[in-house]
Every structure is written in C-alpha cells, then in structure tokens.
$ cat input_23.txt   # compact mmCIF, C-alpha atoms
# COMPACT_ATOMS: atom_id res chain seq x y z
CA MET A 1 51.47 -4.61 -30.12
CA PRO A 2 49.95 -1.16 -30.84
CA LEU A 3 46.50 -0.43 -29.47
CA PRO A 4 43.63 0.30 -31.85
CA ARG A 5 42.15 3.76 -32.04
CA GLU A 6 38.59 2.49 -31.64
CA MET A 7 36.80 -0.34 -29.86
CA ARG A 8 33.46 -2.09 -30.15
CA PHE A 9 31.01 -1.67 -27.29
CA VAL A 10 27.36 -2.32 -26.44
CA ASP A 11 25.43 0.87 -27.22
CA LEU A 12 21.88 1.77 -26.20
CA ASN A 13 19.54 3.32 -28.75
CA SER A 14 17.22 4.19 -25.88
CA PHE A 15 16.06 2.74 -22.58
CA GLY A 16 13.87 -0.35 -22.90
CA GLY A 17 13.96 -4.06 -23.63
CA PRO A 18 17.01 -6.10 -24.61
CA GLU A 19 16.52 -5.19 -28.27
CA VAL A 20 17.66 -1.59 -27.64
CA MET A 21 21.25 -2.85 -27.31
CA VAL A 22 23.40 -2.74 -30.45
CA ILE A 23 27.11 -3.12 -31.13
CA GLY A 24 28.71 0.28 -31.77
CA SER A 25 32.17 1.76 -32.09
CA ARG A 26 33.86 4.56 -30.16
CA PRO A 27 37.40 5.86 -29.44
CA LEU A 28 39.57 3.80 -27.14
CA PRO A 29 39.79 5.31 -23.61
CA MET A 30 43.21 5.82 -22.04
CA PRO A 31 44.00 5.30 -18.35
CA GLN A 32 44.26 8.29 -16.05
CA GLU A 33 45.74 8.53 -12.56
CA GLY A 34 45.26 5.25 -10.69
CA GLN A 35 43.66 3.40 -13.62
CA VAL A 36 44.56 0.53 -15.90
CA LEU A 37 43.18 -0.32 -19.34
CA VAL A 38 42.10 -3.94 -19.72
CA ARG A 39 41.47 -5.74 -23.00
CA ALA A 40 38.36 -7.77 -22.24
CA GLU A 41 38.35 -11.52 -22.79
CA ALA A 42 35.15 -12.21 -20.84
CA ILE A 43 32.42 -10.05 -19.28
CA GLY A 44 29.94 -10.85 -16.50
CA VAL A 45 26.26 -10.03 -17.02
CA ASN A 46 24.33 -8.88 -13.95
CA ARG A 47 20.92 -7.65 -12.82
CA PRO A 48 22.13 -4.06 -12.39
CA ASP A 49 23.04 -4.07 -16.11
CA ILE A 50 19.41 -4.85 -16.91
CA ALA A 51 18.19 -2.11 -14.57
CA GLN A 52 20.52 0.42 -16.24
CA ARG A 53 19.34 -0.66 -19.68
CA GLN A 54 15.75 -0.12 -18.55
CA GLY A 55 16.58 3.34 -17.23
CA SER A 56 16.13 2.66 -13.50
CA TYR A 57 19.80 2.43 -12.44
CA PRO A 58 21.78 5.41 -13.79
CA PRO A 59 25.57 5.29 -13.49
CA PRO A 60 27.36 7.70 -11.14
CA LYS A 61 28.37 11.01 -12.72
CA ASP A 62 32.04 10.05 -12.87
CA ALA A 63 31.44 6.55 -14.31
CA SER A 64 31.31 5.38 -17.90
CA PRO A 65 27.77 5.40 -19.33
CA ILE A 66 28.50 2.06 -21.05
CA LEU A 67 26.83 -0.97 -19.43
CA GLY A 68 28.79 -3.52 -17.46
CA LEU A 69 30.28 -3.94 -13.99
CA GLU A 70 32.80 -6.79 -14.26
CA LEU A 71 35.24 -8.31 -16.70
CA ALA A 72 38.41 -10.33 -17.02
CA GLY A 73 41.28 -9.92 -19.43
CA GLU A 74 44.78 -8.53 -19.90
CA ILE A 75 46.19 -5.17 -18.86
CA VAL A 76 47.34 -3.31 -21.99
CA ALA A 77 48.08 0.14 -20.53
CA VAL A 78 48.80 1.55 -17.07
CA GLY A 79 48.07 5.08 -15.87
CA PRO A 80 50.18 7.32 -13.63
CA GLY A 81 50.43 6.28 -10.00
CA VAL A 82 49.90 2.56 -10.63
CA SER A 83 52.87 0.55 -9.39
CA ASP A 84 51.44 -2.83 -8.39
CA HIS A 85 50.14 -3.85 -11.84
CA ALA A 86 51.86 -4.07 -15.21
CA VAL A 87 51.08 -4.49 -18.88
CA GLY A 88 50.50 -8.19 -19.56
CA ASP A 89 48.96 -9.02 -16.17
CA LYS A 90 45.85 -11.20 -16.32
CA VAL A 91 43.24 -9.62 -14.07
CA CYS A 92 39.55 -9.49 -13.29
CA GLY A 93 37.93 -6.46 -11.81
CA LEU A 94 34.91 -4.54 -10.61
CA ALA A 95 34.15 -1.72 -13.05
CA ASN A 96 32.22 1.42 -12.16
CA GLY A 97 30.77 1.08 -15.66
CA GLY A 98 32.04 0.37 -19.14
CA ALA A 99 32.63 -3.39 -19.03
CA TYR A 100 30.45 -4.17 -22.09
CA ALA A 101 33.28 -3.28 -24.45
CA GLU A 102 36.46 -4.66 -25.97
CA TYR A 103 38.50 -2.42 -23.64
CA CYS A 104 37.60 -1.07 -20.20
CA LEU A 105 39.18 1.29 -17.67
CA LEU A 106 39.44 -0.11 -14.14
CA PRO A 107 40.58 1.58 -10.93
CA ALA A 108 43.72 -0.21 -9.74
CA GLY A 109 42.15 -0.76 -6.32
CA GLN A 110 39.32 -2.83 -7.81
CA ILE A 111 41.28 -5.46 -9.71
CA LEU A 112 42.42 -8.92 -8.69
CA PRO A 113 44.61 -11.54 -10.37
CA PHE A 114 43.06 -14.57 -11.99
CA PRO A 115 42.91 -17.26 -9.29
CA LYS A 116 45.42 -20.00 -10.09
CA GLY A 117 44.01 -22.35 -12.70
CA TYR A 118 41.27 -19.95 -13.80
CA ASP A 119 40.56 -18.84 -17.34
CA ALA A 120 38.92 -15.55 -18.28
CA VAL A 121 35.37 -16.93 -18.24
CA LYS A 122 35.62 -18.17 -14.65
CA ALA A 123 37.48 -15.04 -13.54
CA ALA A 124 34.88 -12.71 -15.11
CA ALA A 125 32.16 -14.41 -13.04
CA LEU A 126 33.77 -13.33 -9.76
CA PRO A 127 34.01 -9.57 -9.07
CA GLU A 128 30.46 -8.21 -8.90
CA THR A 129 28.95 -10.98 -6.80
CA PHE A 130 31.97 -11.54 -4.56
CA PHE A 131 32.41 -7.82 -3.82
CA THR A 132 28.68 -7.54 -3.06
CA VAL A 133 28.38 -10.64 -0.88
CA TRP A 134 31.56 -9.93 1.07
CA ALA A 135 30.58 -6.33 1.78
CA ASN A 136 27.00 -7.05 2.82
CA LEU A 137 27.12 -10.50 4.41
CA PHE A 138 30.52 -10.34 6.11
CA GLN A 139 31.60 -6.72 6.54
CA MET A 140 28.19 -5.16 7.31
CA ALA A 141 26.10 -8.04 8.71
CA GLY A 142 29.12 -9.65 10.38
CA LEU A 143 28.45 -13.30 9.57
CA THR A 144 30.66 -15.56 11.69
CA GLU A 145 31.17 -19.27 12.20
CA GLY A 146 28.21 -21.05 13.78
CA GLU A 147 25.60 -18.45 12.85
CA THR A 148 22.52 -19.16 10.75
CA VAL A 149 21.74 -17.29 7.54
CA LEU A 150 18.81 -17.16 5.12
CA ILE A 151 19.78 -16.30 1.54
CA HIS A 152 17.01 -15.27 -0.82
CA GLY A 153 17.43 -15.93 -4.52
CA GLY A 154 19.70 -18.86 -3.80
CA THR A 155 20.41 -19.73 -7.43
CA SER A 156 21.19 -16.21 -8.64
CA GLY A 157 24.80 -15.19 -9.10
CA ILE A 158 24.63 -13.50 -5.69
CA GLY A 159 22.88 -16.48 -4.13
CA THR A 160 25.27 -19.17 -5.38
CA THR A 161 28.20 -17.05 -4.20
CA ALA A 162 26.65 -16.31 -0.80
CA ILE A 163 25.79 -19.97 -0.10
CA GLN A 164 29.33 -21.10 -0.85
CA LEU A 165 31.03 -18.34 1.13
CA ALA A 166 28.71 -18.82 4.13
CA ARG A 167 29.41 -22.56 4.06
CA ALA A 168 33.16 -22.02 3.76
CA PHE A 169 33.14 -19.78 6.84
CA GLY A 170 31.13 -22.21 8.96
CA ALA A 171 27.55 -20.90 8.85
CA GLU A 172 24.32 -22.89 8.73
CA ILE A 173 22.47 -21.91 5.58
CA TYR A 174 18.86 -21.73 4.43
CA ALA A 175 17.94 -20.47 0.98
CA THR A 176 14.89 -19.71 -1.14
CA ALA A 177 14.44 -20.58 -4.80
CA GLY A 178 11.61 -20.93 -7.30
CA SER A 179 11.63 -24.60 -8.34
CA SER A 180 12.56 -28.05 -7.07
CA GLU A 181 15.53 -28.08 -9.46
CA LYS A 182 16.78 -24.77 -8.07
CA CYS A 183 16.23 -25.91 -4.48
CA GLU A 184 18.28 -29.02 -5.19
CA ALA A 185 21.06 -26.84 -6.60
CA CYS A 186 21.07 -24.72 -3.43
CA GLU A 187 21.41 -27.79 -1.23
CA LYS A 188 24.24 -29.18 -3.38
CA LEU A 189 26.08 -25.90 -2.89
CA GLY A 190 25.76 -26.12 0.89
CA ALA A 191 22.31 -25.06 2.05
CA LYS A 192 20.93 -27.17 4.89
CA ARG A 193 17.40 -26.57 3.61
CA ALA A 194 16.20 -24.88 0.43
CA ILE A 195 12.66 -23.47 0.44
CA ASN A 196 10.54 -23.35 -2.72
CA TYR A 197 8.91 -19.93 -2.37
CA ARG A 198 6.23 -20.87 -4.91
CA SER A 199 4.82 -23.65 -2.72
CA GLU A 200 6.09 -22.87 0.81
CA ASP A 201 6.04 -19.88 3.16
CA PHE A 202 9.70 -19.33 4.01
CA ALA A 203 8.85 -17.68 7.35
CA GLU A 204 6.91 -20.77 8.48
CA VAL A 205 9.70 -23.09 7.34
CA ILE A 206 12.38 -21.05 9.12
CA LYS A 207 10.34 -21.07 12.33
CA ALA A 208 9.85 -24.82 12.13
CA GLU A 209 13.48 -25.52 11.26
CA THR A 210 15.19 -23.22 13.75
CA GLY A 211 12.64 -22.52 16.49
CA GLN A 212 14.00 -19.01 17.03
CA GLY A 213 14.83 -17.69 13.57
CA VAL A 214 18.08 -17.03 11.74
CA ASP A 215 20.85 -14.61 12.67
CA ILE A 216 21.17 -12.94 9.26
CA ILE A 217 19.06 -12.60 6.11
CA LEU A 218 20.56 -11.55 2.78
CA ASP A 219 17.62 -10.17 0.82
CA MET A 220 17.23 -8.95 -2.76
CA ILE A 221 13.41 -8.87 -2.79
CA GLY A 222 12.64 -5.90 -0.56
CA ALA A 223 9.09 -4.83 0.24
CA ALA A 224 7.32 -8.08 -0.65
CA TYR A 225 9.40 -10.00 1.92
CA PHE A 226 10.00 -7.30 4.53
CA GLU A 227 7.48 -8.33 7.22
CA ARG A 228 8.22 -12.05 6.84
CA ASN A 229 11.94 -11.30 6.99
CA LEU A 230 11.49 -9.54 10.33
CA ALA A 231 9.48 -12.53 11.59
CA SER A 232 12.25 -14.91 10.45
CA LEU A 233 15.08 -13.23 12.38
CA ALA A 234 16.25 -14.32 15.81
CA LYS A 235 17.01 -11.85 18.60
CA ASP A 236 19.80 -9.42 17.64
CA GLY A 237 19.43 -10.54 14.03
CA CYS A 238 20.33 -8.52 10.97
CA LEU A 239 18.42 -8.01 7.72
CA SER A 240 20.74 -6.96 4.90
CA ILE A 241 18.91 -5.65 1.81
CA ILE A 242 20.79 -5.47 -1.49
CA ALA A 243 18.01 -5.07 -4.09
CA PHE A 244 14.27 -4.44 -4.48
CA LEU A 245 13.06 -7.05 -6.98
CA GLY A 246 9.81 -7.20 -4.99
CA GLY A 247 9.39 -3.44 -4.59
CA ALA A 248 11.02 -0.66 -2.58
CA VAL A 249 7.97 0.60 -0.64
CA ALA A 250 6.55 -1.54 2.17
CA GLU A 251 3.15 -0.40 3.43
CA ARG A 252 1.26 -1.38 6.61
CA VAL A 253 4.20 -3.32 8.03
CA ASN A 254 4.37 -4.19 11.73
CA LEU A 255 7.72 -2.76 12.83
CA SER A 256 7.50 -3.92 16.45
CA PRO A 257 9.76 -6.97 15.91
CA ILE A 258 12.64 -4.57 15.26
CA MET A 259 12.35 -3.26 18.80
CA VAL A 260 11.27 -6.45 20.56
CA LYS A 261 14.05 -8.56 19.01
CA ARG A 262 16.67 -5.76 18.80
CA LEU A 263 16.99 -6.23 15.05
CA THR A 264 19.26 -4.38 12.67
CA VAL A 265 18.04 -3.49 9.18
CA THR A 266 20.77 -2.41 6.80
CA GLY A 267 21.49 -2.27 3.10
CA SER A 268 23.83 -0.92 0.50
CA THR A 269 24.63 -0.66 -3.19
CA MET A 270 28.14 -1.23 -4.47
CA ARG A 271 28.41 1.36 -7.23
CA PRO A 272 28.31 4.58 -5.11
CA ARG A 273 30.92 3.30 -2.63
CA THR A 274 34.17 5.22 -2.55
CA ALA A 275 37.36 3.97 -4.15
CA GLU A 276 38.81 3.43 -0.66
CA GLU A 277 35.84 1.30 0.41
CA LYS A 278 36.07 -0.83 -2.71
CA ARG A 279 39.82 -1.25 -2.26
CA ALA A 280 39.21 -2.51 1.31
CA ILE A 281 36.74 -5.08 0.00
CA ARG A 282 39.24 -6.09 -2.70
CA ASP A 283 41.97 -6.56 -0.11
CA ASP A 284 39.73 -8.80 2.03
CA LEU A 285 38.81 -10.90 -0.99
CA LEU A 286 42.44 -11.32 -1.97
CA SER A 287 43.51 -12.44 1.49
CA GLN A 288 40.49 -14.45 2.64
CA VAL A 289 38.57 -15.64 -0.44
CA TRP A 290 41.07 -16.04 -3.28
CA PRO A 291 42.83 -18.92 -1.44
CA LEU A 292 39.47 -20.74 -1.27
CA LEU A 293 39.00 -20.30 -5.02
CA GLU A 294 42.50 -21.57 -5.72
CA THR A 295 42.00 -24.73 -3.65
CA GLY A 296 38.59 -25.41 -5.20
CA ALA A 297 36.76 -25.04 -1.88
CA ILE A 298 34.44 -22.61 -3.66
CA ALA A 299 33.92 -21.79 -7.35
CA PRO A 300 31.67 -19.59 -9.47
CA VAL A 301 28.59 -21.31 -10.84
CA ILE A 302 28.33 -20.48 -14.54
CA HIS A 303 25.04 -21.20 -16.29
CA THR A 304 25.69 -20.08 -19.87
CA VAL A 305 28.41 -18.43 -21.93
CA PHE A 306 27.40 -16.22 -24.87
CA ALA A 307 29.46 -14.45 -27.51
CA PHE A 308 29.79 -10.70 -27.03
CA GLU A 309 27.55 -10.16 -30.05
CA ALA A 310 24.76 -12.18 -28.38
CA VAL A 311 24.32 -9.73 -25.49
CA VAL A 312 20.60 -9.37 -26.30
CA GLU A 313 20.06 -13.11 -25.77
CA ALA A 314 22.07 -12.98 -22.53
CA HIS A 315 19.81 -10.25 -21.11
CA ARG A 316 16.69 -12.14 -22.17
CA LEU A 317 17.88 -15.25 -20.34
CA ILE A 318 18.44 -13.34 -17.11
CA GLU A 319 15.07 -11.59 -17.34
CA GLU A 320 13.41 -14.96 -17.94
CA GLY A 321 14.89 -16.17 -14.65
CA SER A 322 15.56 -19.80 -15.51
CA HIS A 323 19.32 -19.62 -15.00
CA ILE A 324 21.29 -21.08 -12.10
CA GLY A 325 24.41 -19.02 -11.46
CA LYS A 326 26.19 -16.57 -13.73
CA VAL A 327 25.86 -15.57 -17.38
CA VAL A 328 29.09 -14.55 -19.12
CA LEU A 329 29.97 -13.00 -22.48
CA THR A 330 33.19 -13.85 -24.32
CA VAL A 331 34.99 -11.27 -26.45
$ encode --input "input_23.txt" --output "structure tokens"
Amino acid sequence: MPLPREMRFVDLNSFGGPEVMVIGSRPLPMPQEGQVLVRAEAIGVNRPDIAQRQGSYPPPKDASPILGLELAGEIVAVGPGVSDHAVGDKVCGLANGGAYAEYCLLPAGQILPFPKGYDAVKAAALPETFFTVWANLFQMAGLTEGETVLIHGGTSGIGTTAIQLARAFGAEIYATAGSSEKCEACEKLGAKRAINYRSEDFAEVIKAETGQGVDIILDMIGAAYFERNLASLAKDGCLSIIAFLGGAVAERVNLSPIMVKRLTVTGSTMRPRTAEEKRAIRDDLLSQVWPLLETGAIAPVIHTVFAFEAVVEAHRLIEEGSHIGKVVLTV
C-alpha cells in the first residue's frame, strides 16, 4: 500500500495552555540511517509533553519539534542499516519527539515488539514510563530484592509502573498519593502502605513504619520534598530525582544527612541520553520486563483513551491530576 505524501500531526500555534494545540498537516518524514517509520495506532500522553507545550521542555536539537515521546503501531518503512525490524512489524517505541502524528520516525534501538496479547493501546502505554523507571530505579539506584523503596506520585504513569516493577523484583514498597482513592489504588498495585500527602507527613509515616528509613526514593517533586526525602532515607540510601513538579531550587536545606548517612543523590532525564544508552535500556526491558508483561505479572494502568483529535481534552485531564495511570490517544 503506497504511503501518503502528507500526515496529520498536533501543531502548536504558540506556547501556552492546551488550547494552543491544533491538528495540522505536513509532509511525511522518511527514515534515515538506523530509523524506522511507524504508522501510529495509539500514542501515550505524558507530563513532558505538557512541559514542552508550555515552553519549559524544549526538544533536543536533533529531535522532531512535534510533541510526543511514545507510540505503538506498524512499521511501514525501514531505513538503511536496520536489519532486525521489517515492514509490517507491530512495535511500540520511545520517540525523541514527533509521536503526536499519524506517522513517526523511531530509532531502531528504541523499539520493542508488542507483548504477546497486547493491542496498540496497551503497547503505547509502555515505553516512556518503563524506560524511565528501569533506568532510574534499577540501573542507577540499583533496586534489588528485599530493599525498601518510597515512590512519590504513586498513581501517575511513572508511579503505577514503578510500584509494579518494584513488587515484581521483590522490594517492599511505600508510595504517596493525593486521595484515599489513589492510596487504595497504590496498595492494590503492590504498595505495603500508601501515604496521603494531603493529610499525612510522609517522612513521619516512613519513620514510624520502617524505623530506619527506606533504601531508595523515586521522586518527581524535587525541592518541596528534598529535606524530607533525605530524612526518609536509611544509611547508604539513594534519592533518585526524575522531575521537579514541586520546584527545582531548594533553599535553606540541611545537607548533613547526606554525609552522616552516606546518601547518594542522583537524577536524570531520558531525552538527552545517547542512542547507545537508550538501546541498553531497551535490551534490559526486552529480556527482564517483557516476559512479566506477557505473563500478566505486571500491566500498564490505563485511565482514559481519547481520540487523536481530542488531544486538548487529554492534556487538560493530566493537568487536572485526577487520573490514575496512563492517558492514551488512538489514531
């Protein structure tokens, strides 16, 4: 079937609220060395998309300026140097940009097959959160069986993924969330104790529950939680920061726990990582996580599915913060 000359995509009139997004048309991109072209069937919506729309998260210079970091669909063209994927393969992948479109270029090292039994909607909910959680919680923070972990934002896409992966690999899990309904959802996913941050101080709860603190904290809040995070870590613990929803500048913070408890503070963003680093994460996911998805031991939590044309409503839902799990667009 011949490819069209143009595709629809989500265009930005300017930076701002969800209403700046409109459906536009532009020429179809063609794959270059090491790339494949995927016809999108479903697209994941994520917090970084909102930050880029607002103007606070610019794409790398070599990335597409179109919004979107993950999608699932069918390969329709293969670039030079790609030998392990073929036209017709059903894949999901981590995009460096450009996923909010009918067609998207993906580096071959950042795509994965649909897990057995998965459709495009479920597959599109995987790449961004699973790449992020695996890299930060397992590769960098080194979570292992028997350790304790505190996961902030337990009902976000990142949080629901992190709880399930930590449980599957034998950790004891605590999580924070903003309502009793969300706390219940965290505990159903595998958290030993979910903490309602609106009515409880998570640092006090962690101290009471563990006596010595947790081994690892996965944090997306940043400055607002920094001092309490340090207080909540056990000796030789690790704080892994992946976002700054509560600010990036922490003032008048007592840093002595870092020295006294030999703590490690680390963090990363996914987008600037090299192609080789992303391929290594992909390979780990394929060998260690995809079997868990295929047996049903873990699964993406999907809150709502919108049509591609309803992208404005999808962004409004995420900004509102009432969702539990992922928001997905269908094309």
$ closest_residue --input "input_23.txt" --among "A:Ser14, A:Ser83, A:Ser322, A:Gln212" --to "Gly109 in chain A" --atoms "all atoms listed in the file"
A:Ser83
$ closest_residue --input "input_23.txt" --among "A:Leu329, A:Leu106, A:Met140, A:Val10" --to "Arg53 in chain A" --atoms "only C-alpha atoms"
A:Val10
$ atom_distance --input "input_23.txt" --atom1 "CA of Ala141 in chain A" --atom2 "CA of Pro113 in chain A"
26.8 Å
$ closest_atom_pairs --input "input_23.txt" --of "range 9-120 of chain A" --to "range 272-285 of chain A" --cutoff "8 Å" --atoms "all atoms listed in the file" --output "Markdown table"
| residue | atom | partner | partner_atom | distance |
| --- | --- | --- | --- | --- |
| A:Pro60 | CA | A:Pro272 | CA | 6.9 |
| A:Pro107 | CA | A:Ala275 | CA | 7.9 |
| A:Gly109 | CA | A:Arg279 | CA | 4.7 |
| A:Gln110 | CA | A:Arg279 | CA | 5.8 |
| A:Ile111 | CA | A:Arg282 | CA | 7.3 |
| A:Leu112 | CA | A:Arg282 | CA | 7.3 |
$ atom_distance --input "input_23.txt" --atom1 "CA of Glu6 in chain A" --atom2 "CA of Ser25 in chain A"
6.5 Å
